[in-house]
Each structure stands twice: as C-alpha cells, then as structure tokens.
$ cat model17.cif   # mmCIF, C-alpha atoms, pLDDT in the B column; chains and numbers go by the auth columns
data_run
loop_
_atom_site.group_PDB
_atom_site.id
_atom_site.type_symbol
_atom_site.label_atom_id
_atom_site.label_comp_id
_atom_site.label_asym_id
_atom_site.label_seq_id
_atom_site.Cartn_x
_atom_site.Cartn_y
_atom_site.Cartn_z
_atom_site.B_iso_or_equiv
_atom_site.auth_seq_id
_atom_site.auth_asym_id
ATOM 1 C CA MET A 1 50.806 71.585 110.373 49.00 4 F
ATOM 2 C CA ASN A 2 52.203 74.042 107.877 91.00 5 F
ATOM 3 C CA ARG A 3 51.885 73.485 104.140 94.00 6 F
ATOM 4 C CA ALA A 4 55.588 72.841 103.537 96.00 7 F
ATOM 5 C CA LYS A 5 55.556 70.070 106.127 96.00 8 F
ATOM 6 C CA GLU A 6 52.347 68.664 104.653 96.00 9 F
ATOM 7 C CA VAL A 7 53.856 68.666 101.155 97.00 10 F
ATOM 8 C CA THR A 8 57.078 67.055 102.351 97.00 11 F
ATOM 9 C CA GLU A 9 55.209 64.309 104.185 96.00 12 F
ATOM 10 C CA LYS A 10 53.003 63.662 101.136 96.00 13 F
ATOM 11 C CA LEU A 11 56.090 63.371 98.924 97.00 14 F
ATOM 12 C CA ILE A 12 57.772 60.997 101.380 97.00 15 F
ATOM 13 C CA ALA A 13 54.642 58.824 101.606 96.00 16 F
ATOM 14 C CA SER A 14 54.334 58.788 97.806 96.00 17 F
ATOM 15 C CA ASN A 15 58.075 58.375 97.198 96.00 18 F
ATOM 16 C CA TRP A 16 57.986 61.279 94.711 97.00 19 F
ATOM 17 C CA THR A 17 61.155 63.282 94.285 98.00 20 F
ATOM 18 C CA ILE A 18 61.311 67.061 94.035 98.00 21 F
ATOM 19 C CA THR A 19 63.758 69.766 93.009 98.00 22 F
ATOM 20 C CA PHE A 20 63.703 73.571 92.894 98.00 23 F
ATOM 21 C CA MET A 21 65.171 76.403 90.883 98.00 24 F
ATOM 22 C CA GLU A 22 64.645 79.613 92.824 98.00 25 F
ATOM 23 C CA SER A 23 65.416 83.213 92.130 96.00 26 F
ATOM 24 C CA CYS A 24 63.419 85.670 94.249 95.00 27 F
ATOM 25 C CA THR A 25 62.938 83.235 97.157 96.00 28 F
ATOM 26 C CA SER A 26 66.691 82.635 97.354 96.00 29 F
ATOM 27 C CA GLY A 27 66.430 78.993 98.432 97.00 30 F
ATOM 28 C CA LEU A 28 63.603 79.427 100.947 97.00 31 F
ATOM 29 C CA LEU A 29 61.390 76.832 99.229 98.00 32 F
ATOM 30 C CA ALA A 30 64.114 74.206 99.514 98.00 33 F
ATOM 31 C CA SER A 31 64.894 75.227 103.066 97.00 34 F
ATOM 32 C CA LEU A 32 61.272 74.847 104.146 97.00 35 F
ATOM 33 C CA LEU A 33 61.073 71.405 102.551 97.00 36 F
ATOM 34 C CA THR A 34 64.104 70.188 104.488 97.00 37 F
ATOM 35 C CA ASP A 35 62.666 71.346 107.820 96.00 38 F
ATOM 36 C CA THR A 36 60.794 68.030 107.886 96.00 39 F
ATOM 37 C CA GLU A 37 62.680 64.932 108.946 96.00 40 F
ATOM 38 C CA GLY A 38 63.035 62.416 106.142 96.00 41 F
ATOM 39 C CA ALA A 39 63.145 65.031 103.388 97.00 42 F
ATOM 40 C CA SER A 40 66.470 63.672 102.182 97.00 43 F
ATOM 41 C CA ALA A 41 64.603 60.660 100.793 97.00 44 F
ATOM 42 C CA ILE A 42 62.745 62.815 98.267 98.00 45 F
ATOM 43 C CA PHE A 43 64.746 66.042 97.874 98.00 46 F
ATOM 44 C CA LYS A 44 67.050 65.762 94.844 97.00 47 F
ATOM 45 C CA GLY A 45 68.685 69.163 95.176 96.00 48 F
ATOM 46 C CA SER A 46 68.155 72.767 94.323 97.00 49 F
ATOM 47 C CA VAL A 47 69.624 75.695 92.430 97.00 50 F
ATOM 48 C CA VAL A 48 69.426 79.356 93.401 97.00 51 F
ATOM 49 C CA THR A 49 69.738 81.436 90.244 97.00 52 F
ATOM 50 C CA TYR A 50 69.565 85.018 91.403 91.00 53 F
ATOM 51 C CA SER A 51 71.244 86.546 88.352 91.00 54 F
ATOM 52 C CA ASN A 52 70.418 86.236 84.663 92.00 55 F
ATOM 53 C CA GLU A 53 73.828 84.605 84.125 95.00 56 F
ATOM 54 C CA ALA A 54 73.075 81.979 86.766 96.00 57 F
ATOM 55 C CA LYS A 55 69.748 81.171 85.105 96.00 58 F
ATOM 56 C CA GLU A 56 71.496 80.682 81.766 96.00 59 F
ATOM 57 C CA ALA A 57 74.240 78.552 83.345 97.00 60 F
ATOM 58 C CA ALA A 58 71.514 76.362 84.889 97.00 61 F
ATOM 59 C CA GLY A 59 69.845 75.749 81.532 97.00 62 F
ATOM 60 C CA VAL A 60 67.516 78.674 80.839 97.00 63 F
ATOM 61 C CA SER A 61 67.731 79.723 77.210 97.00 64 F
ATOM 62 C CA PRO A 62 69.215 83.183 76.596 96.00 65 F
ATOM 63 C CA TYR A 63 66.482 83.546 73.960 97.00 66 F
ATOM 64 C CA VAL A 64 63.750 83.167 76.619 96.00 67 F
ATOM 65 C CA ILE A 65 65.406 85.779 78.815 94.00 68 F
ATOM 66 C CA GLU A 66 65.851 88.181 75.889 94.00 69 F
ATOM 67 C CA GLU A 67 62.422 87.623 74.344 95.00 70 F
ATOM 68 C CA TYR A 68 60.215 87.332 77.450 94.00 71 F
ATOM 69 C CA GLY A 69 62.382 88.598 80.315 91.00 72 F
ATOM 70 C CA VAL A 70 63.473 86.869 83.494 92.00 73 F
ATOM 71 C CA TYR A 71 60.223 87.907 85.175 92.00 74 F
ATOM 72 C CA SER A 72 57.841 85.935 82.996 95.00 75 F
ATOM 73 C CA PRO A 73 55.868 82.699 82.951 97.00 76 F
ATOM 74 C CA GLN A 74 58.086 81.524 80.095 97.00 77 F
ATOM 75 C CA CYS A 75 61.222 81.947 82.179 97.00 78 F
ATOM 76 C CA ALA A 76 59.651 80.177 85.177 98.00 79 F
ATOM 77 C CA GLN A 77 58.642 77.247 82.963 98.00 80 F
ATOM 78 C CA GLU A 78 62.087 77.045 81.407 97.00 81 F
ATOM 79 C CA MET A 79 63.645 77.117 84.888 98.00 82 F
ATOM 80 C CA ALA A 80 61.412 74.275 86.096 98.00 83 F
ATOM 81 C CA ALA A 81 62.056 72.153 83.012 98.00 84 F
ATOM 82 C CA ALA A 82 65.818 72.675 83.261 98.00 85 F
ATOM 83 C CA VAL A 83 66.031 71.714 86.927 98.00 86 F
ATOM 84 C CA GLN A 84 63.703 68.731 86.491 98.00 87 F
ATOM 85 C CA GLU A 85 65.935 67.405 83.752 97.00 88 F
ATOM 86 C CA ALA A 86 69.166 68.142 85.624 97.00 89 F
ATOM 87 C CA TYR A 87 68.039 66.325 88.792 97.00 90 F
ATOM 88 C CA CYS A 88 65.758 63.680 87.216 97.00 91 F
ATOM 89 C CA ALA A 89 63.011 64.554 89.686 98.00 92 F
ATOM 90 C CA ASP A 90 59.325 63.696 89.550 98.00 93 F
ATOM 91 C CA ILE A 91 58.405 67.267 90.497 98.00 94 F
ATOM 92 C CA ALA A 92 60.140 70.536 89.725 98.00 95 F
ATOM 93 C CA VAL A 93 59.280 73.954 91.093 98.00 96 F
ATOM 94 C CA ALA A 94 60.723 77.225 89.841 98.00 97 F
ATOM 95 C CA ILE A 95 60.069 80.818 90.825 98.00 98 F
ATOM 96 C CA THR A 96 61.268 84.150 89.494 96.00 99 F
ATOM 97 C CA GLY A 97 60.160 87.631 90.440 93.00 100 F
ATOM 98 C CA THR A 98 60.865 90.858 92.220 88.00 101 F
ATOM 99 C CA THR A 99 60.903 91.281 95.972 83.00 102 F
ATOM 100 C CA GLY A 100 61.246 94.677 97.604 68.00 103 F
ATOM 101 C CA ASN A 101 62.575 96.897 94.887 67.00 104 F
ATOM 102 C CA VAL A 102 62.475 97.164 91.146 65.00 105 F
ATOM 103 C CA ASP A 103 65.498 95.382 89.650 65.00 106 F
ATOM 104 C CA PRO A 104 67.766 97.893 87.879 67.00 107 F
ATOM 105 C CA SER A 105 69.248 95.065 85.761 69.00 108 F
ATOM 106 C CA ASN A 106 65.891 93.993 84.348 64.00 109 F
ATOM 107 C CA ALA A 107 63.441 96.517 82.940 65.00 110 F
ATOM 108 C CA ASP A 108 60.513 94.098 83.257 66.00 111 F
ATOM 109 C CA SER A 109 60.600 93.911 87.051 69.00 112 F
ATOM 110 C CA VAL A 110 57.538 94.986 89.015 74.00 113 F
ATOM 111 C CA GLN A 111 57.623 95.161 92.792 79.00 114 F
ATOM 112 C CA GLY A 112 55.566 92.349 94.324 87.00 115 F
ATOM 113 C CA GLU A 113 55.235 90.369 91.101 91.00 116 F
ATOM 114 C CA ALA A 114 56.470 86.797 90.711 96.00 117 F
ATOM 115 C CA TYR A 115 55.927 83.885 88.368 97.00 118 F
ATOM 116 C CA TYR A 116 56.243 80.247 89.261 98.00 119 F
ATOM 117 C CA CYS A 117 55.901 76.934 87.523 98.00 120 F
ATOM 118 C CA ILE A 118 55.287 73.489 88.956 98.00 121 F
ATOM 119 C CA ILE A 119 55.939 70.457 86.786 98.00 122 F
ATOM 120 C CA ILE A 120 54.593 67.136 88.025 97.00 123 F
ATOM 121 C CA GLY A 121 55.716 64.369 85.722 92.00 124 F
ATOM 122 C CA GLY A 122 54.934 65.929 82.355 92.00 125 F
ATOM 123 C CA ASP A 123 52.090 68.163 83.553 97.00 126 F
ATOM 124 C CA ILE A 124 52.971 71.865 83.582 98.00 127 F
ATOM 125 C CA TYR A 125 51.217 74.355 85.853 98.00 128 F
ATOM 126 C CA GLU A 126 51.983 78.079 85.608 98.00 129 F
ATOM 127 C CA TYR A 127 51.022 80.731 88.152 98.00 130 F
ATOM 128 C CA SER A 128 51.623 84.355 88.951 97.00 131 F
ATOM 129 C CA ILE A 129 51.661 86.355 92.150 96.00 132 F
ATOM 130 C CA LYS A 130 50.806 90.034 92.127 94.00 133 F
ATOM 131 C CA ALA A 131 50.860 91.415 95.643 92.00 134 F
ATOM 132 C CA ASP A 132 50.983 94.787 97.309 91.00 135 F
ATOM 133 C CA VAL A 133 54.243 94.385 99.185 91.00 136 F
ATOM 134 C CA ARG A 134 54.712 98.005 100.243 88.00 137 F
ATOM 135 C CA GLY A 135 55.940 98.118 103.818 90.00 138 F
ATOM 136 C CA MET A 136 57.059 94.482 103.808 91.00 139 F
ATOM 137 C CA THR A 137 60.667 93.459 104.328 91.00 140 F
ATOM 138 C CA ARG A 138 62.422 91.373 101.705 90.00 141 F
ATOM 139 C CA ARG A 139 62.185 88.385 104.069 94.00 142 F
ATOM 140 C CA GLU A 140 58.441 88.891 104.487 94.00 143 F
ATOM 141 C CA ILE A 141 58.009 89.047 100.710 93.00 144 F
ATOM 142 C CA LYS A 142 59.985 85.822 100.227 95.00 145 F
ATOM 143 C CA GLU A 143 57.871 84.150 102.920 96.00 146 F
ATOM 144 C CA TYR A 144 54.699 85.407 101.239 96.00 147 F
ATOM 145 C CA TYR A 145 55.804 83.953 97.895 97.00 148 F
ATOM 146 C CA ALA A 146 56.853 80.664 99.507 97.00 149 F
ATOM 147 C CA LYS A 147 53.483 80.345 101.244 97.00 150 F
ATOM 148 C CA GLU A 148 51.695 80.868 97.915 97.00 151 F
ATOM 149 C CA VAL A 149 53.837 78.240 96.181 98.00 152 F
ATOM 150 C CA TYR A 150 53.362 75.653 98.933 98.00 153 F
ATOM 151 C CA GLU A 151 49.591 76.267 99.007 97.00 154 F
ATOM 152 C CA LYS A 152 49.382 75.547 95.280 97.00 155 F
ATOM 153 C CA LEU A 153 51.755 72.567 95.501 97.00 156 F
ATOM 154 C CA ALA A 154 49.644 71.057 98.317 97.00 157 F
ATOM 155 C CA GLU A 155 46.504 71.565 96.243 96.00 158 F
ATOM 156 C CA LEU A 156 48.035 69.886 93.180 97.00 159 F
ATOM 157 C CA LEU A 157 49.391 66.954 95.188 96.00 160 F
ATOM 158 C CA SER A 158 46.055 66.353 96.909 92.00 161 F
ATOM 159 C CA ALA A 159 44.541 65.804 93.452 87.00 162 F
ATOM 160 C CA LYS A 160 47.156 63.152 92.569 76.00 163 F
#

$ encode --input "model17.cif" --output "structure tokens"
Amino acid sequence: MNRAKEVTEKLIASNWTITFMESCTSGLLASLLTDTEGASAIFKGSVVTYSNEAKEAAGVSPYVIEEYGVYSPQCAQEMAAAVQEAYCADIAVAITGTTGNVDPSNADSVQGEAYYCIIIGGDIYEYSIKADVRGMTRREIKEYYAKEVYEKLAELLSAK
C-alpha cells in the first residue's frame, strides 16, 4: 500500500477533511489522494498556485512574498492557512519550491529545494526538502516531493 492510499484511507476512516495548495507539485498531491476510492468524502478541493500572482489571489500576503520569498517556510505556512480557511478543512497541506531549474522570476529559488506546511486543526508543522535532483526529470522531482509530503503526513496522522 502506498502512503497516499494509506493517508486517504485514514482520513476516510477518521472523517477528517483535507485540502491542498500546491505550487511545485502542480496538483500531484491532490491527484494522488483521489486515486483512492471514497476520497470525495474527505477531499474539499485544491488550488494550484504556480505563479506569484496566483498565490496572492489565493490568499497569500504580498508582504510575505516580498519579505520572505515564495520559496520559504513562511510562504508555505501562509499558503496552508489560506487554503484551510477557504475550504474549511480539518487538514491543509501546502508546498512551494523549485523543481528542475532555477526560477528566473524568483531570485530565491534553489534547484531541488522545497518547503511545505501541514496544518492539522490548529497545529502547524513546517518542513523543508533539500535534494540533489540533478539528472531527474521534472516529473521525477514532483514525485520525490510528493513522496516526502505523504510520508510526513502519514507519520503525523498515525500520532493522532
């Protein structure tokens, strides 16, 4: 059983709802969740905010982007809080980072670096990924990030 399926089944059994705001994974986290039958009972929706403008439109403060950058723990936390509020979900997950190349629009991008935040109820958990992604395709990098997020989400849910 893969971790996404395990997480989805745990959420269904617990009747906990979840939502995502994704940047560098481009909706892969949400897609993996919905691979399990019954996910519609707990999946509130998702937002893919690939650009800075999309993040702001979805509720991320322009101040956070300007002060800390879009590739920061602060931005990931703001993303998670905004999507949790927008969808009234028990759990919110947000991820922002760089995949295969350095982002010319954002000076703070580092190849293979991502930040994610998981909010469960009012508890906030922040994490970073720093991986050597040389030689990996963009898809492989997104899958790597998604695996990391689902591993941590499974760990947090097992403690609940």

$ residues_near_point --input "model17.cif" --point "(67.2, 78.7, 79.9)" --cutoff "10 Å" --atoms "only C-alpha atoms" --output "PDB file with C-alpha atoms, keeping the file's coordinate frame"
ATOM      1  CA  ASN F  55      70.418  86.236  84.663  1.00 92.00           C
ATOM      2  CA  GLU F  56      73.828  84.605  84.125  1.00 95.00           C
ATOM      3  CA  ALA F  57      73.075  81.979  86.766  1.00 96.00           C
ATOM      4  CA  LYS F  58      69.748  81.171  85.105  1.00 96.00           C
ATOM      5  CA  GLU F  59      71.496  80.682  81.766  1.00 96.00           C
ATOM      6  CA  ALA F  60      74.240  78.552  83.345  1.00 97.00           C
ATOM      7  CA  ALA F  61      71.514  76.362  84.889  1.00 97.00           C
ATOM      8  CA  GLY F  62      69.845  75.749  81.532  1.00 97.00           C
ATOM      9  CA  VAL F  63      67.516  78.674  80.839  1.00 97.00           C
ATOM     10  CA  SER F  64      67.731  79.723  77.210  1.00 97.00           C
ATOM     11  CA  PRO F  65      69.215  83.183  76.596  1.00 96.00           C
ATOM     12  CA  TYR F  66      66.482  83.546  73.960  1.00 97.00           C
ATOM     13  CA  VAL F  67      63.750  83.167  76.619  1.00 96.00           C
ATOM     14  CA  ILE F  68      65.406  85.779  78.815  1.00 94.00           C
ATOM     15  CA  VAL F  73      63.473  86.869  83.494  1.00 92.00           C
ATOM     16  CA  GLN F  77      58.086  81.524  80.095  1.00 97.00           C
ATOM     17  CA  CYS F  78      61.222  81.947  82.179  1.00 97.00           C
ATOM     18  CA  ALA F  79      59.651  80.177  85.177  1.00 98.00           C
ATOM     19  CA  GLN F  80      58.642  77.247  82.963  1.00 98.00           C
ATOM     20  CA  GLU F  81      62.087  77.045  81.407  1.00 97.00           C
ATOM     21  CA  MET F  82      63.645  77.117  84.888  1.00 98.00           C
ATOM     22  CA  ALA F  83      61.412  74.275  86.096  1.00 98.00           C
ATOM     23  CA  ALA F  84      62.056  72.153  83.012  1.00 98.00           C
ATOM     24  CA  ALA F  85      65.818  72.675  83.261  1.00 98.00           C
ATOM     25  CA  VAL F  86      66.031  71.714  86.927  1.00 98.00           C
TER      26      VAL F  86
END

$ atom_distance --input "model17.cif" --atom1 "atom CA of Ser29 of chain F" --atom2 "atom CA of Val51 of chain F"
5.8 Å

$ resolve_selection --input "model17.cif" --expression "the PyMOL selection byres ((chain F and resi 30) around 10)" --output "number ranges by chain"
F: 23-29, 31-35, 49-53, 145, 149

$ residues_around --input "model17.cif" --residues "Tyr147 of chain F" --least-positions-apart "6" --cutoff "12 Å" --atoms "all atoms listed in the file" --output "PyMOL selection string"
chain F and resi 27-28+31-32+102-103+115-117+132-136+139-141+153-154

$ resolve_selection --input "model17.cif" --expression "the PyMOL selection byres ((chain F and resi 17) around 12)" --output "PyMOL selection string"
chain F and resi 10-16+18-21+44-45+93-94+160-161+163

$ atom_distance --input "model17.cif" --atom1 "atom CA of Ser131 of chain F" --atom2 "atom CA of Pro76 of chain F"
7.5 Å

$ axis_aligned_box --input "model17.cif" --around "segment 38-43 of chain F" --padding-each-side "8 Å" --output "lines of an AutoDock Vina configuration file"
center_x = 63.6
center_y = 66.9
center_z = 105.6
size_x = 21.7
size_y = 24.9
size_z = 22.8

$ closest_residue --input "model17.cif" --among "F:Ala97, F:Lys150, F:Val113, F:Ile144" --to "Tyr128 of chain F" --atoms "only C-alpha atoms"
F:Ala97

$ atom_distance --input "model17.cif" --atom1 "atom CA of Lys155 of chain F" --atom2 "atom CA of Thr99 of chain F"
15.8 Å

$ closest_residue --input "model17.cif" --among "F:Thr22, F:Leu36, F:Thr101, F:Glu129" --to "Glu9 of chain F" --atoms "all atoms listed in the file"
F:Leu36
